[in-house]
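Source file: target01.pdb; contents: PDB, C-alpha atoms, pLDDT in the B column.
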```
MODEL        1
ATOM      1  CA  MET V1494     208.947  76.134  67.637  1.00 59.00           C
ATOM      2  CA  PRO V1495     206.969  76.317  70.937  1.00 74.00           C
ATOM      3  CA  ILE V1496     203.845  77.704  69.249  1.00 82.00           C
ATOM      4  CA  LEU V1497     203.593  74.691  66.955  1.00 83.00           C
ATOM      5  CA  ARG V1498     204.390  72.196  69.717  1.00 83.00           C
ATOM      6  CA  ASP V1499     201.716  73.730  71.934  1.00 84.00           C
ATOM      7  CA  PHE V1500     199.262  73.682  69.021  1.00 86.00           C
ATOM      8  CA  GLU V1501     199.733  69.942  68.480  1.00 81.00           C
ATOM      9  CA  ARG V1502     199.565  69.206  72.206  1.00 83.00           C
ATOM     10  CA  ARG V1503     196.362  71.186  72.765  1.00 82.00           C
ATOM     11  CA  LEU V1504     194.617  69.858  69.670  1.00 79.00           C
ATOM     12  CA  GLY V1505     195.615  66.300  70.535  1.00 73.00           C
ATOM     13  CA  ALA V1506     194.162  66.711  74.021  1.00 73.00           C
ATOM     14  CA  LEU V1507     190.929  68.201  72.687  1.00 68.00           C
ATOM     15  CA  VAL V1508     190.110  65.414  70.247  1.00 64.00           C
ATOM     16  CA  GLU V1509     191.947  62.666  72.137  1.00 59.00           C
ATOM     17  CA  GLY V1510     192.325  59.386  70.207  1.00 55.00           C
ATOM     18  CA  PHE V1511     190.653  60.777  67.100  1.00 55.00           C
ATOM     19  CA  PHE V1512     193.652  62.977  66.400  1.00 54.00           C
ATOM     20  CA  ALA V1513     196.115  60.123  66.796  1.00 54.00           C
ATOM     21  CA  SER V1514     194.283  57.590  64.597  1.00 54.00           C
ATOM     22  CA  THR V1515     191.926  59.174  62.072  1.00 55.00           C
ATOM     23  CA  LEU V1516     194.275  62.041  61.227  1.00 55.00           C
ATOM     24  CA  ARG V1517     197.433  59.945  61.105  1.00 61.00           C
ATOM     25  CA  SER V1518     197.553  59.883  57.287  1.00 65.00           C
ATOM     26  CA  GLY V1519     197.033  62.646  54.747  1.00 76.00           C
ATOM     27  CA  LEU V1520     197.124  66.355  55.542  1.00 88.00           C
ATOM     28  CA  GLN V1521     198.188  67.044  59.139  1.00 89.00           C
ATOM     29  CA  PRO V1522     196.713  69.939  61.170  1.00 91.00           C
ATOM     30  CA  VAL V1523     200.199  71.203  62.054  1.00 91.00           C
ATOM     31  CA  GLU V1524     200.811  71.843  58.342  1.00 94.00           C
ATOM     32  CA  LEU V1525     197.990  74.387  58.447  1.00 95.00           C
ATOM     33  CA  ALA V1526     199.496  76.008  61.544  1.00 95.00           C
ATOM     34  CA  LYS V1527     202.917  76.227  59.891  1.00 94.00           C
ATOM     35  CA  ARG V1528     201.330  77.822  56.835  1.00 97.00           C
ATOM     36  CA  VAL V1529     199.540  80.380  59.008  1.00 97.00           C
ATOM     37  CA  ILE V1530     202.861  81.512  60.479  1.00 94.00           C
ATOM     38  CA  ARG V1531     204.550  81.657  57.065  1.00 94.00           C
ATOM     39  CA  GLU V1532     201.679  83.622  55.547  1.00 96.00           C
ATOM     40  CA  MET V1533     201.642  86.109  58.422  1.00 95.00           C
ATOM     41  CA  ASP V1534     205.350  86.731  57.911  1.00 89.00           C
ATOM     42  CA  ALA V1535     205.148  86.928  54.111  1.00 92.00           C
ATOM     43  CA  ASN V1536     202.106  89.218  53.998  1.00 95.00           C
ATOM     44  CA  LYS V1537     202.737  91.508  56.954  1.00 91.00           C
ATOM     45  CA  THR V1538     202.817  95.232  56.283  1.00 90.00           C
ATOM     46  CA  VAL V1539     205.793  97.108  57.687  1.00 77.00           C
ATOM     47  CA  GLY V1540     205.273 100.761  58.531  1.00 69.00           C
ATOM     48  CA  VAL V1541     207.613 103.340  59.975  1.00 61.00           C
ATOM     49  CA  HIS V1542     206.876 102.450  63.584  1.00 65.00           C
ATOM     50  CA  GLU V1543     204.747  99.303  63.483  1.00 77.00           C
ATOM     51  CA  VAL V1544     204.058  95.995  61.764  1.00 83.00           C
ATOM     52  CA  TRP V1545     200.607  94.572  61.003  1.00 91.00           C
ATOM     53  CA  ALA V1546     199.930  90.930  60.098  1.00 94.00           C
ATOM     54  CA  PRO V1547     196.915  89.494  58.254  1.00 97.00           C
ATOM     55  CA  ASN V1548     194.184  88.112  60.477  1.00 97.00           C
ATOM     56  CA  ARG V1549     191.906  86.223  58.049  1.00 98.00           C
ATOM     57  CA  PHE V1550     192.897  82.859  56.516  1.00 98.00           C
ATOM     58  CA  VAL V1551     190.713  80.891  54.114  1.00 98.00           C
ATOM     59  CA  PHE V1552     192.031  77.355  53.625  1.00 98.00           C
ATOM     60  CA  THR V1553     190.950  75.318  50.619  1.00 98.00           C
ATOM     61  CA  LEU V1554     191.388  71.583  51.190  1.00 97.00           C
ATOM     62  CA  SER V1555     190.803  68.477  49.134  1.00 95.00           C
ATOM     63  CA  VAL V1556     187.395  66.861  49.582  1.00 96.00           C
ATOM     64  CA  ALA V1557     189.022  63.880  51.285  1.00 92.00           C
ATOM     65  CA  ASP V1558     190.865  66.017  53.829  1.00 92.00           C
ATOM     66  CA  GLY V1559     187.813  68.197  54.353  1.00 93.00           C
ATOM     67  CA  GLU V1560     185.790  65.130  55.294  1.00 92.00           C
ATOM     68  CA  ARG V1561     188.528  63.917  57.657  1.00 88.00           C
ATOM     69  CA  PHE V1562     188.670  67.282  59.424  1.00 90.00           C
ATOM     70  CA  GLU V1563     184.883  67.706  59.633  1.00 89.00           C
ATOM     71  CA  GLN V1564     184.490  66.103  63.073  1.00 84.00           C
ATOM     72  CA  VAL V1565     187.333  68.165  64.565  1.00 87.00           C
ATOM     73  CA  GLU V1566     186.755  71.375  62.612  1.00 92.00           C
ATOM     74  CA  GLN V1567     185.598  73.440  65.593  1.00 92.00           C
ATOM     75  CA  ALA V1568     188.643  72.512  67.682  1.00 91.00           C
ATOM     76  CA  LEU V1569     191.002  72.964  64.722  1.00 93.00           C
ATOM     77  CA  VAL V1570     189.664  76.411  63.852  1.00 96.00           C
ATOM     78  CA  SER V1571     189.858  77.498  67.505  1.00 94.00           C
ATOM     79  CA  GLU V1572     193.470  76.383  67.814  1.00 94.00           C
ATOM     80  CA  LEU V1573     194.481  77.990  64.517  1.00 96.00           C
ATOM     81  CA  ARG V1574     193.027  81.281  65.756  1.00 96.00           C
ATOM     82  CA  ARG V1575     195.177  80.888  68.842  1.00 94.00           C
ATOM     83  CA  VAL V1576     198.249  80.361  66.636  1.00 95.00           C
ATOM     84  CA  VAL V1577     197.508  83.688  64.916  1.00 96.00           C
ATOM     85  CA  ARG V1578     197.233  85.521  68.235  1.00 94.00           C
ATOM     86  CA  GLU V1579     200.322  83.915  69.763  1.00 90.00           C
ATOM     87  CA  THR V1580     202.470  84.496  66.672  1.00 89.00           C
ATOM     88  CA  ALA V1581     201.461  88.151  66.474  1.00 89.00           C
ATOM     89  CA  SER V1582     202.066  88.657  70.200  1.00 84.00           C
ATOM     90  CA  GLU V1583     205.439  86.887  70.158  1.00 76.00           C
ATOM     91  CA  ARG V1584     206.738  88.894  67.201  1.00 77.00           C
ATOM     92  CA  GLY V1585     205.245  92.238  68.136  1.00 78.00           C
ATOM     93  CA  TRP V1586     202.882  92.353  65.151  1.00 87.00           C
ATOM     94  CA  GLY V1587     199.490  94.016  65.281  1.00 91.00           C
ATOM     95  CA  LEU V1588     196.132  92.571  64.206  1.00 95.00           C
ATOM     96  CA  VAL V1589     193.400  94.865  62.853  1.00 95.00           C
ATOM     97  CA  GLY V1590     190.705  92.501  64.092  1.00 95.00           C
ATOM     98  CA  PRO V1591     190.154  89.098  65.690  1.00 96.00           C
ATOM     99  CA  PRO V1592     191.662  86.081  63.895  1.00 97.00           C
ATOM    100  CA  GLU V1593     189.334  84.468  61.357  1.00 97.00           C
ATOM    101  CA  ILE V1594     189.823  80.937  60.013  1.00 98.00           C
ATOM    102  CA  GLU V1595     187.657  79.344  57.318  1.00 98.00           C
ATOM    103  CA  LEU V1596     187.916  75.842  55.843  1.00 97.00           C
ATOM    104  CA  GLN V1597     186.456  74.974  52.450  1.00 97.00           C
ATOM    105  CA  THR V1598     186.986  72.223  49.878  1.00 97.00           C
ATOM    106  CA  ASP V1599     187.832  72.017  46.196  1.00 97.00           C
ATOM    107  CA  GLU V1600     187.328  68.837  44.157  1.00 96.00           C
ATOM    108  CA  SER V1601     190.319  69.709  41.957  1.00 96.00           C
ATOM    109  CA  LEU V1602     192.769  69.369  44.859  1.00 95.00           C
ATOM    110  CA  GLY V1603     194.369  66.005  45.572  1.00 93.00           C
ATOM    111  CA  LYS V1604     194.574  64.527  49.058  1.00 91.00           C
ATOM    112  CA  GLY V1605     197.204  66.309  51.152  1.00 91.00           C
ATOM    113  CA  ARG V1606     197.181  69.445  48.968  1.00 94.00           C
ATOM    114  CA  PHE V1607     195.768  72.772  50.106  1.00 97.00           C
ATOM    115  CA  ASP V1608     195.746  76.480  49.327  1.00 97.00           C
ATOM    116  CA  VAL V1609     195.259  79.509  51.531  1.00 98.00           C
ATOM    117  CA  GLU V1610     194.223  83.105  50.974  1.00 98.00           C
ATOM    118  CA  THR V1611     195.071  85.778  53.549  1.00 98.00           C
ATOM    119  CA  SER V1612     193.618  89.209  54.141  1.00 97.00           C
ATOM    120  CA  PHE V1613     193.230  91.995  56.682  1.00 97.00           C
ATOM    121  CA  VAL V1614     189.714  92.251  58.124  1.00 96.00           C
ATOM    122  CA  GLU V1615     189.013  94.992  60.636  1.00 94.00           C
ATOM    123  CA  GLY V1616     187.003  94.136  63.712  1.00 92.00           C
ATOM    124  CA  GLU V1617     186.299  95.169  67.291  1.00 87.00           C
ATOM    125  CA  GLU V1618     189.140  93.149  68.775  1.00 82.00           C
ATOM    126  CA  GLU V1619     192.532  94.576  67.896  1.00 84.00           C
ATOM    127  CA  LEU V1620     196.033  93.589  68.967  1.00 84.00           C
ATOM    128  CA  ALA V1621     198.202  96.687  68.881  1.00 81.00           C
ATOM    129  CA  PRO V1622     201.688  96.179  67.426  1.00 78.00           C
ATOM    130  CA  ALA V1623     204.798  96.732  69.472  1.00 67.00           C
ATOM    131  CA  PRO V1624     206.694  99.816  68.300  1.00 62.00           C
ATOM    132  CA  SER V1625     209.155  98.537  65.738  1.00 57.00           C
ATOM    133  CA  GLY V1626     211.016 101.632  64.681  1.00 65.00           C
ATOM    134  CA  ARG V1627     213.219 101.946  61.640  1.00 72.00           C
ATOM    135  CA  ALA V1628     216.888 102.744  61.372  1.00 85.00           C
ATOM    136  CA  THR V1629     219.829 102.460  59.002  1.00 88.00           C
ATOM    137  CA  LEU V1630     223.485 101.506  59.097  1.00 91.00           C
ATOM    138  CA  THR V1631     225.772 103.175  56.576  1.00 91.00           C
ATOM    139  CA  ALA V1632     229.298 101.954  55.884  1.00 89.00           C
ATOM    140  CA  LEU V1633     231.297 105.185  55.946  1.00 87.00           C
ATOM    141  CA  ASN V1634     234.255 103.676  54.114  1.00 77.00           C
ATOM    142  CA  GLY V1635     232.099 101.925  51.523  1.00 70.00           C
ATOM    143  CA  GLY V1636     228.923 103.938  51.217  1.00 71.00           C
ATOM    144  CA  GLN V1637     226.452 101.021  51.370  1.00 84.00           C
ATOM    145  CA  THR V1638     223.374 101.575  53.527  1.00 88.00           C
ATOM    146  CA  PHE V1639     221.471  98.792  55.309  1.00 87.00           C
ATOM    147  CA  THR V1640     217.932  99.140  56.650  1.00 84.00           C
ATOM    148  CA  LEU V1641     217.124  97.897  60.156  1.00 85.00           C
ATOM    149  CA  GLY V1642     213.564  96.970  61.064  1.00 76.00           C
ATOM    150  CA  PRO V1643     211.770  94.609  63.439  1.00 73.00           C
ATOM    151  CA  SER V1644     213.994  91.615  62.695  1.00 76.00           C
ATOM    152  CA  THR V1645     217.342  90.818  64.328  1.00 86.00           C
ATOM    153  CA  VAL V1646     220.331  91.227  61.978  1.00 91.00           C
ATOM    154  CA  THR V1647     223.748  89.593  62.229  1.00 93.00           C
ATOM    155  CA  LEU V1648     227.058  91.159  61.229  1.00 95.00           C
ATOM    156  CA  GLY V1649     230.196  89.242  60.338  1.00 94.00           C
ATOM    157  CA  ARG V1650     232.404  87.759  57.631  1.00 94.00           C
ATOM    158  CA  LEU V1651     230.126  84.763  56.995  1.00 93.00           C
ATOM    159  CA  PRO V1652     228.326  85.061  53.640  1.00 91.00           C
ATOM    160  CA  GLU V1653     225.126  84.046  55.459  1.00 90.00           C
ATOM    161  CA  SER V1654     225.299  87.158  57.663  1.00 90.00           C
ATOM    162  CA  ASP V1655     222.552  89.734  57.171  1.00 89.00           C
ATOM    163  CA  ILE V1656     225.267  92.374  56.907  1.00 91.00           C
ATOM    164  CA  VAL V1657     228.500  90.923  55.532  1.00 92.00           C
ATOM    165  CA  VAL V1658     231.558  92.754  56.886  1.00 92.00           C
ATOM    166  CA  ASP V1659     234.382  92.023  54.451  1.00 91.00           C
ATOM    167  CA  ASP V1660     237.152  92.984  56.821  1.00 93.00           C
ATOM    168  CA  PRO V1661     240.054  90.816  58.111  1.00 94.00           C
ATOM    169  CA  GLY V1662     239.426  92.255  61.590  1.00 95.00           C
ATOM    170  CA  ALA V1663     235.861  90.971  61.646  1.00 95.00           C
ATOM    171  CA  SER V1664     234.956  87.589  63.098  1.00 96.00           C
ATOM    172  CA  ARG V1665     232.809  85.129  61.171  1.00 95.00           C
ATOM    173  CA  GLN V1666     229.916  85.869  63.530  1.00 95.00           C
ATOM    174  CA  HIS V1667     230.901  89.211  64.977  1.00 97.00           C
ATOM    175  CA  ALA V1668     227.825  91.006  66.347  1.00 96.00           C
ATOM    176  CA  ARG V1669     224.064  91.286  66.131  1.00 95.00           C
ATOM    177  CA  ILE V1670     221.552  94.099  66.355  1.00 94.00           C
ATOM    178  CA  ARG V1671     218.075  93.299  67.669  1.00 89.00           C
ATOM    179  CA  ASN V1672     215.005  95.465  67.857  1.00 84.00           C
ATOM    180  CA  SER V1673     213.774  95.584  71.447  1.00 79.00           C
ATOM    181  CA  ASN V1674     210.494  97.505  71.622  1.00 70.00           C
ATOM    182  CA  GLY V1675     211.749 100.119  69.197  1.00 74.00           C
ATOM    183  CA  GLU V1676     215.261 100.333  70.621  1.00 82.00           C
ATOM    184  CA  PHE V1677     218.150  98.832  68.650  1.00 90.00           C
ATOM    185  CA  VAL V1678     220.512  96.837  70.848  1.00 93.00           C
ATOM    186  CA  LEU V1679     224.011  95.958  69.602  1.00 96.00           C
ATOM    187  CA  THR V1680     225.583  92.806  71.076  1.00 96.00           C
ATOM    188  CA  ASP V1681     229.130  91.591  70.482  1.00 96.00           C
ATOM    189  CA  LEU V1682     229.086  87.822  69.856  1.00 95.00           C
ATOM    190  CA  GLY V1683     232.434  87.081  71.480  1.00 95.00           C
ATOM    191  CA  SER V1684     234.392  88.415  68.512  1.00 95.00           C
ATOM    192  CA  THR V1685     238.167  88.116  68.468  1.00 95.00           C
ATOM    193  CA  ASN V1686     238.909  91.824  68.070  1.00 95.00           C
ATOM    194  CA  GLY V1687     235.859  93.246  69.803  1.00 95.00           C
ATOM    195  CA  THR V1688     233.266  95.810  68.759  1.00 96.00           C
ATOM    196  CA  LEU V1689     233.658  99.541  69.292  1.00 96.00           C
ATOM    197  CA  VAL V1690     230.947 102.165  69.531  1.00 96.00           C
ATOM    198  CA  ASN V1691     232.261 105.720  69.366  1.00 96.00           C
ATOM    199  CA  ASP V1692     235.778 104.323  70.046  1.00 93.00           C
ATOM    200  CA  GLU V1693     234.581 102.522  73.199  1.00 94.00           C
ATOM    201  CA  SER V1694     234.709  98.733  73.462  1.00 95.00           C
ATOM    202  CA  VAL V1695     231.234  97.310  74.187  1.00 95.00           C
ATOM    203  CA  ARG V1696     229.636  93.950  74.859  1.00 95.00           C
ATOM    204  CA  GLU V1697     226.073  95.225  74.619  1.00 95.00           C
ATOM    205  CA  ARG V1698     224.689  98.684  74.069  1.00 92.00           C
ATOM    206  CA  VAL V1699     221.496 100.477  73.067  1.00 92.00           C
ATOM    207  CA  LEU V1700     222.356 102.431  69.943  1.00 93.00           C
ATOM    208  CA  GLU V1701     221.632 106.139  69.667  1.00 90.00           C
ATOM    209  CA  ASP V1702     221.280 108.272  66.571  1.00 89.00           C
ATOM    210  CA  GLY V1703     224.702 109.070  65.134  1.00 91.00           C
ATOM    211  CA  ASP V1704     226.598 106.259  66.913  1.00 95.00           C
ATOM    212  CA  ARG V1705     229.536 104.893  64.965  1.00 95.00           C
ATOM    213  CA  ILE V1706     230.189 101.167  65.157  1.00 96.00           C
ATOM    214  CA  MET V1707     233.699  99.964  64.349  1.00 96.00           C
ATOM    215  CA  ILE V1708     234.373  96.359  63.344  1.00 96.00           C
ATOM    216  CA  GLY V1709     237.994  95.909  62.366  1.00 94.00           C
ATOM    217  CA  GLU V1710     238.639  98.877  60.097  1.00 93.00           C
ATOM    218  CA  THR V1711     234.986  99.081  58.981  1.00 94.00           C
ATOM    219  CA  VAL V1712     232.940 101.967  60.377  1.00 94.00           C
ATOM    220  CA  LEU V1713     229.131 101.826  60.310  1.00 95.00           C
ATOM    221  CA  GLU V1714     227.049 104.860  61.237  1.00 94.00           C
ATOM    222  CA  PHE V1715     223.709 104.218  62.948  1.00 94.00           C
ATOM    223  CA  ARG V1716     220.833 106.561  62.129  1.00 89.00           C
ATOM    224  CA  ARG V1717     217.217 106.539  63.294  1.00 80.00           C
ATOM    225  CA  ALA V1718     214.859 106.781  60.336  1.00 64.00           C
TER     226      ALA V1718
ENDMDL
END
```
Entire entry expressed as structure tokens:
Amino acid sequence: MPILRDFERRLGALVEGFFASTLRSGLQPVELAKRVIREMDANKTVGVHEVWAPNRFVFTLSVADGERFEQVEQALVSELRRVVRETASERGWGLVGPPEIELQTDESLGKGRFDVETSFVEGEEELAPAPSGRATLTALNGGQTFTLGPSTVTLGRLPESDIVVDDPGASRQHARIRNSNGEFVLTDLGSTNGTLVNDESVRERVLEDGDRIMIGETVLEFRRA
């Protein structure tokens, strides 16, 4: 992931040899950055037209790791704040205030272990979310309805697909639908039998309310929420 690679590169440059030697064992700074991204995803709030991610992260480290990070704490906190901003910007999430990072220690934690608490703290600086929009796909010949949001969804016969199309005319990886600034874009993934929208074969198309997608004999109706 570019965000994590850039984080390691920048932090390594800031603290030079200290990062490479003193921090070689035990808890690694990139583990905190990875956790930030996971926590933002897990604790984001999804509204009708927007997504907000938490902006405050309180890390509790072992005493040993806290002491190791003490000399680089300012640089580490600064770079973790940058990870919050870059992740939110990349994924179109909003922040209700500037990123806040706090490091504290707990004697009960063993070396390499850590906890984190996330929250939303309003402030003067605010990153507005990209419009996410909401929509649904309903299988007209099956009745099941799928909700579309800010994430890209895949359609196909593979069990790992977000929307499994159990149809002999569907390819294993048939198509995907991505949210592009509130518009839902359908892309055929080189399927064997093609993808139809309103009886027209398409490679890529911005979906409109009421469009009917046909994959094999399966018909899915797209509706804006």
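With distances taken over all atoms listed in the file, V:Glu1543 is the one residue among V:Asp1655, V:Glu1543, V:Glu1600, V:Glu1693 lying closest to V:Leu1588.
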Write out as an NGL selection string the residues lying within 6 Å of stretch 1630-1646 of chain V, counting all atoms listed in the file and excluding same-chain residues fewer than 5 positions away.
:V and (1625 or 1655 or 1669-1672 or 1712-1715)
Excluding V:Val1556 and residues on its chain fewer than 2 positions from it, collect all residues at most 6 Å away from it, counting all atoms listed in the file, and give them as a compact mmCIF listing (two decimals) with C-alpha atoms, keeping the file's coordinate frame.
```txt
# COMPACT_ATOMS: atom_id res chain seq x y z
CA ASP V 1558 190.86 66.02 53.83
CA GLY V 1559 187.81 68.20 54.35
CA THR V 1598 186.99 72.22 49.88
CA GLU V 1600 187.33 68.84 44.16
```
Hey, what comes out of the PyMOL selection byres ((chain V and resi 1606-1619) around 9) on this file? Could you write it as a CSV table (one decimal) with C-alpha atoms, in the frame of the given file?
```csv
chain,number,residue,atom,x,y,z
V,1519,GLY,CA,197.0,62.6,54.7
V,1520,LEU,CA,197.1,66.4,55.5
V,1525,LEU,CA,198.0,74.4,58.4
V,1528,ARG,CA,201.3,77.8,56.8
V,1529,VAL,CA,199.5,80.4,59.0
V,1532,GLU,CA,201.7,83.6,55.5
V,1533,MET,CA,201.6,86.1,58.4
V,1536,ASN,CA,202.1,89.2,54.0
V,1545,TRP,CA,200.6,94.6,61.0
V,1546,ALA,CA,199.9,90.9,60.1
V,1547,PRO,CA,196.9,89.5,58.3
V,1548,ASN,CA,194.2,88.1,60.5
V,1549,ARG,CA,191.9,86.2,58.0
V,1550,PHE,CA,192.9,82.9,56.5
V,1551,VAL,CA,190.7,80.9,54.1
V,1552,PHE,CA,192.0,77.4,53.6
V,1553,THR,CA,191.0,75.3,50.6
V,1554,LEU,CA,191.4,71.6,51.2
V,1555,SER,CA,190.8,68.5,49.1
V,1558,ASP,CA,190.9,66.0,53.8
V,1587,GLY,CA,199.5,94.0,65.3
V,1588,LEU,CA,196.1,92.6,64.2
V,1589,VAL,CA,193.4,94.9,62.9
V,1590,GLY,CA,190.7,92.5,64.1
V,1591,PRO,CA,190.2,89.1,65.7
V,1592,PRO,CA,191.7,86.1,63.9
V,1593,GLU,CA,189.3,84.5,61.4
V,1598,THR,CA,187.0,72.2,49.9
V,1599,ASP,CA,187.8,72.0,46.2
V,1602,LEU,CA,192.8,69.4,44.9
V,1603,GLY,CA,194.4,66.0,45.6
V,1604,LYS,CA,194.6,64.5,49.1
V,1605,GLY,CA,197.2,66.3,51.2
V,1620,LEU,CA,196.0,93.6,69.0
V,1621,ALA,CA,198.2,96.7,68.9
```
Applied to this file, what does the PyMOL selection byres ((chain V and resi 1654) around 12) return in terms of residues, put as a VMD selection string?
chain V and resid 1645 to 1653 1655 to 1659 1663 to 1670
Just write the chosen residues, C-alpha atoms, as an mmCIF file, in the coordinates of the input.
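Resulting contents of out.cif:
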```
data_model
loop_
_atom_site.group_PDB
_atom_site.id
_atom_site.type_symbol
_atom_site.label_atom_id
_atom_site.label_comp_id
_atom_site.auth_asym_id
_atom_site.auth_seq_id
_atom_site.Cartn_x
_atom_site.Cartn_y
_atom_site.Cartn_z
ATOM 1 C CA THR V 1645 217.342 90.818 64.328
ATOM 2 C CA VAL V 1646 220.331 91.227 61.978
ATOM 3 C CA THR V 1647 223.748 89.593 62.229
ATOM 4 C CA LEU V 1648 227.058 91.159 61.229
ATOM 5 C CA GLY V 1649 230.196 89.242 60.338
ATOM 6 C CA ARG V 1650 232.404 87.759 57.631
ATOM 7 C CA LEU V 1651 230.126 84.763 56.995
ATOM 8 C CA PRO V 1652 228.326 85.061 53.640
ATOM 9 C CA GLU V 1653 225.126 84.046 55.459
ATOM 10 C CA ASP V 1655 222.552 89.734 57.171
ATOM 11 C CA ILE V 1656 225.267 92.374 56.907
ATOM 12 C CA VAL V 1657 228.500 90.923 55.532
ATOM 13 C CA VAL V 1658 231.558 92.754 56.886
ATOM 14 C CA ASP V 1659 234.382 92.023 54.451
ATOM 15 C CA ALA V 1663 235.861 90.971 61.646
ATOM 16 C CA SER V 1664 234.956 87.589 63.098
ATOM 17 C CA ARG V 1665 232.809 85.129 61.171
ATOM 18 C CA GLN V 1666 229.916 85.869 63.530
ATOM 19 C CA HIS V 1667 230.901 89.211 64.977
ATOM 20 C CA ALA V 1668 227.825 91.006 66.347
ATOM 21 C CA ARG V 1669 224.064 91.286 66.131
ATOM 22 C CA ILE V 1670 221.552 94.099 66.355
#
```
Given the file shown, determine the residues that the PyMOL selection byres ((chain V and resi 1569) around 12) selects; report them as a count of residues only.
37
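Separating atom CA of V:Gly1585 from atom CA of V:Asp1702 is a distance of 22.7 Å.
Across the model, the gap from atom CA of V:Ser1582 to atom CA of V:Arg1698 is 25.0 Å.
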Distance of atom CA of V:Asp1704 from atom CA of V:Gly1683, expressed in Å to one decimal place
20.6 Å
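Of the residues under consideration (V:Thr1580, V:Gln1597, V:Thr1711, V:Ser1673), V:Thr1711 shows the shortest atom-to-atom contact distance to V:Leu1689 when counting all atoms listed in the file.
For the set V:Arg1717, V:Leu1700, V:Ser1601, V:Glu1710, the residue with the smallest atom-to-atom gap to V:Ala1557 is V:Ser1601, counting only C-alpha atoms.
Of the residues listed (V:Thr1688, V:Asp1534, V:Asp1681, V:Glu1676), V:Glu1676 shows the shortest atom-to-atom separation from V:Glu1701; distances use only C-alpha atoms.
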Output of stretch 1704-1715 of chain V limited to N, CA, C and O atoms, as an mmCIF file, in the first residue's frame:
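Saved as out.cif:
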```cif
data_model
loop_
_atom_site.group_PDB
_atom_site.id
_atom_site.type_symbol
_atom_site.label_atom_id
_atom_site.label_comp_id
_atom_site.auth_asym_id
_atom_site.auth_seq_id
_atom_site.Cartn_x
_atom_site.Cartn_y
_atom_site.Cartn_z
ATOM 1 N N ASP V 1704 -32.038 1.357 -14.478
ATOM 2 C CA ASP V 1704 -31.314 0.520 -15.451
ATOM 3 C C ASP V 1704 -31.429 -0.952 -15.063
ATOM 4 O O ASP V 1704 -31.413 -1.308 -13.881
ATOM 5 N N ARG V 1705 -31.496 -1.790 -16.089
ATOM 6 C CA ARG V 1705 -31.561 -3.232 -15.861
ATOM 7 C C ARG V 1705 -30.315 -3.889 -16.453
ATOM 8 O O ARG V 1705 -30.046 -3.776 -17.650
ATOM 9 N N ILE V 1706 -29.573 -4.532 -15.571
ATOM 10 C CA ILE V 1706 -28.329 -5.203 -15.950
ATOM 11 C C ILE V 1706 -28.628 -6.678 -16.166
ATOM 12 O O ILE V 1706 -29.225 -7.330 -15.304
ATOM 13 N N MET V 1707 -28.182 -7.214 -17.300
ATOM 14 C CA MET V 1707 -28.415 -8.626 -17.593
ATOM 15 C C MET V 1707 -27.086 -9.361 -17.705
ATOM 16 O O MET V 1707 -26.226 -9.012 -18.510
ATOM 17 N N ILE V 1708 -26.929 -10.373 -16.849
ATOM 18 C CA ILE V 1708 -25.760 -11.245 -16.850
ATOM 19 C C ILE V 1708 -26.267 -12.666 -17.051
ATOM 20 O O ILE V 1708 -26.908 -13.220 -16.155
ATOM 21 N N GLY V 1709 -25.992 -13.231 -18.211
ATOM 22 C CA GLY V 1709 -26.609 -14.513 -18.545
ATOM 23 C C GLY V 1709 -28.116 -14.331 -18.611
ATOM 24 O O GLY V 1709 -28.612 -13.459 -19.324
ATOM 25 N N GLU V 1710 -28.831 -15.109 -17.813
ATOM 26 C CA GLU V 1710 -30.285 -14.961 -17.737
ATOM 27 C C GLU V 1710 -30.710 -14.186 -16.489
ATOM 28 O O GLU V 1710 -31.910 -14.029 -16.224
ATOM 29 N N THR V 1711 -29.735 -13.709 -15.725
ATOM 30 C CA THR V 1711 -30.025 -12.978 -14.477
ATOM 31 C C THR V 1711 -30.170 -11.500 -14.766
ATOM 32 O O THR V 1711 -29.328 -10.880 -15.392
ATOM 33 N N VAL V 1712 -31.283 -10.913 -14.275
ATOM 34 C CA VAL V 1712 -31.558 -9.499 -14.475
ATOM 35 C C VAL V 1712 -31.513 -8.799 -13.123
ATOM 36 O O VAL V 1712 -32.193 -9.203 -12.172
ATOM 37 N N LEU V 1713 -30.685 -7.754 -13.048
ATOM 38 C CA LEU V 1713 -30.545 -6.958 -11.820
ATOM 39 C C LEU V 1713 -30.989 -5.528 -12.104
ATOM 40 O O LEU V 1713 -30.515 -4.901 -13.057
ATOM 41 N N GLU V 1714 -31.896 -5.025 -11.288
ATOM 42 C CA GLU V 1714 -32.384 -3.657 -11.476
ATOM 43 C C GLU V 1714 -31.643 -2.708 -10.534
ATOM 44 O O GLU V 1714 -31.579 -2.944 -9.317
ATOM 45 N N PHE V 1715 -31.094 -1.639 -11.120
ATOM 46 C CA PHE V 1715 -30.347 -0.641 -10.356
ATOM 47 C C PHE V 1715 -31.288 0.478 -9.929
ATOM 48 O O PHE V 1715 -32.043 1.013 -10.742
#
```
